[in-house]
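For reference, the structure discussed in these notes is given below.
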Amino acid sequence: MTENPARSPILSASELMAELAGGRPPVLLDVRWQLGGPDLRPAYEAGHLPGAVYVDLDRELAGPVRPDGRGGRHPLPDPEEFGAVMRRAGVRADVPVVAYDGGQGWGAARAWWLLRWTGHRDVRVLDGGLTAWTEAGGTVSADAVSAAEGDFKPTPGAVGLLDADAAAALARQGILLDARAGERYRGEVEPIDPVGGHIPGAVSAPTTENLGPDGRFLAPQALRARFTALGVTGQAPVGVYCGSGVSGAQEVLALEVAGIPSALYAGSWSDWSSDPRRPVATGADPR
């Protein structure tokens with residue numbers, strides 16, 4: 001298994017405080033989001049990291065949902081529209097970016113992955129999110145933020161992206177991790193998508209097991225041990241999917257913390273299950 005020589009894609013609250021006080025402070029993106037929950041912009045307006053710009057995951061980090069469900073519940077946004085959103089948020093090609101959310105890392109990782117996929121070279125996630133920030137003594141602000149226009153221009157394709165056919169092939173020839181809760185993987189419940197179960201050959205790897213009791217990512221060696229136990233040995237390519245490409249981005253982030261490159265099936269189960277011709281497996285057995 002090859003170590004990633006780049007710096008960690010996550011940083012602690014104390015590290016972020018030091019960077020914000022330095023000569024090259026990062027752009028801050030607040031990407032709080034809750035699956036099936038209310039819009040969290042009011043929570044942002046009530047208190048956010050000073051200078052952070054709110055980014056709406058459903059409207060700005062995803063494209064329109066198609067009537068037939070193809071592309072999933074959070075289709076990839078049009079790259080040019082995504083670029084415009086990032087420029088409005090102040091994102092520049094040569095300035096670091098740090099994304100954060102409420103703590104589980106899903107929303108922040110979606111922004112992290114999209115920026116990486118479209119070519120930004122320096123983007124990280126605040127480990128533990130807003131909770132870790134306040135626990136470390138960080139202040140929050142209710143002030144309105146007006147960011148100076150950025151210059152980021154997206155160039156898609158910088159990291160691995162899977163479609164349904166590629167995900168199916170990877171489940172046979174490599175390692176495809178299913179980041180959803182185990183009961184959804186097994187097909188015991190399916191509260192959102194039309195069919196329960198998993199892609200045949202995929203391995204259950206819930207995102208909750210990437211975090212410790214404090215809501216922060218496990219140490220790199222612990223994450224490597226976790227993924228090794230799931231069959232990730234460095235001898236085969238790795239892919240990830242979830243329900244709609246949000247929590248799966250957190251798993252891609254966890255893999256990168258562990259030094260393991262992987263690709264994301266952005267459409268994920270919501271895209272896969274939109275086509276009744278695609279096979280579905282149930283139960284704990286990957287196949």
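Following the order of the structure tokens, chains are lettered A, B, ..., residues in each are numbered from 1, and ligands are numbered from 1.
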Please produce, as CSV, a per-residue contact table for segment 130-239 of chain A versus segment 85-98 of chain A (criterion: any atom at most 10 Å away, only C-alpha atoms considered), showing the nearest atom pair and its distance in Å to one decimal, sorted by chain then residue number.
residue,atom,partner,partner_atom,distance
A:Val145,CA,A:Ala89,CA,9.4
A:Ser146,CA,A:Ala89,CA,8.3
A:Ala147,CA,A:Gly90,CA,5.2
A:Ala148,CA,A:Gly90,CA,5.4
A:Glu149,CA,A:Gly90,CA,5.0
A:Gly150,CA,A:Arg87,CA,4.1
A:Asp151,CA,A:Arg92,CA,4.9
A:Phe152,CA,A:Arg92,CA,4.7
A:Lys153,CA,A:Ala93,CA,7.5
A:Pro154,CA,A:Ala93,CA,9.2
Selection: 8 Å around segment 65-78 of chain A, only C-alpha atoms, excl. self and same-chain fewer than 4 positions, as an MDAnalysis selection string: chainID A and resid 58 60:61 82 244:246 266:272 274:275
Which residue, A:Leu49, A:Arg287, A:Thr131, A:Glu188, has the smallest gap to Ala168 of chain A when you use only C-alpha atoms?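 Smallest separation from Ala168 of chain A among the options: A:Arg287.
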Interatomic distance, atom CA of Gly119 of chain A to atom CA of Ala99 of chain A (Å, one decimal): 15.8 Å
May I have a table of the residues of segment 117-152 of chain A lying at most 9 Å from segment 209-218 of chain A, giving each one's closest pair of atoms and their distance in Å to one decimal, counting only C-alpha atoms, ordered by chain and ascending residue number, as JSON lines?
{"residue": "A:Asp127", "atom": "CA", "partner": "A:Arg216", "partner_atom": "CA", "distance": 5.6}
{"residue": "A:Gly128", "atom": "CA", "partner": "A:Arg216", "partner_atom": "CA", "distance": 4.6}
{"residue": "A:Gly129", "atom": "CA", "partner": "A:Arg216", "partner_atom": "CA", "distance": 8.4}
{"residue": "A:Thr131", "atom": "CA", "partner": "A:Gly215", "partner_atom": "CA", "distance": 8.7}
{"residue": "A:Ala132", "atom": "CA", "partner": "A:Arg216", "partner_atom": "CA", "distance": 8.1}
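Atom pair atom CA of Glu190 of chain A / atom CA of Asp165 of chain A has a distance of 22.5 Å (rounded to one decimal).
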Give me, as a compact mmCIF listing (two decimals) with C-alpha atoms, in the first residue's frame, the residues of segment 149-232 of chain A that a backbone DSSP run labels strand (DSSP E).
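Below you can see part-v3.txt, which holds the result:
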# COMPACT_ATOMS: atom_id res chain seq x y z
CA LEU A 161 -14.65 9.33 -11.14
CA LEU A 162 -16.73 6.21 -11.82
CA ILE A 175 -12.44 -3.24 -4.43
CA LEU A 176 -15.72 -1.30 -4.40
CA LEU A 177 -16.67 0.01 -0.96
CA ASP A 178 -20.28 0.78 -0.03
CA VAL A 203 -18.04 -4.53 0.31
CA SER A 204 -19.89 -2.88 3.20
Please give the complete set of residues from segment 30-276 of chain A that DSSP, run on the backbone, assigns to alpha helix (DSSP H), formatted as an MDAnalysis selection string. chainID A and resid 41:46 57:60 79:88 106:117 129:135 164:173 182:186 220:229 247:257 268:272
Considering only C-alpha atoms, give me a table of residues in segment 80-192 of chain A that are at most 6 Å from segment 29-43 of chain A, with the closest atom pair and distance in Å for each, as JSON lines.
{"residue": "A:Ala99", "atom": "CA", "partner": "A:Leu29", "partner_atom": "CA", "distance": 4.6}
{"residue": "A:Tyr100", "atom": "CA", "partner": "A:Asp30", "partner_atom": "CA", "distance": 5.4}
{"residue": "A:Asp101", "atom": "CA", "partner": "A:Arg32", "partner_atom": "CA", "distance": 4.2}
{"residue": "A:Gly102", "atom": "CA", "partner": "A:Arg32", "partner_atom": "CA", "distance": 5.4}
{"residue": "A:Gly107", "atom": "CA", "partner": "A:Val31", "partner_atom": "CA", "distance": 5.3}
{"residue": "A:Ala108", "atom": "CA", "partner": "A:Val31", "partner_atom": "CA", "distance": 5.4}
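Interatomic distance, atom CA of Met17 of chain A to atom CA of Thr139 of chain A: 10.1 Å.
If only C-alpha atoms are the atoms counted, then among A:Gly234, A:Gly47, A:Gly157, A:Pro64 the closest residue to Leu115 of chain A is A:Gly157.
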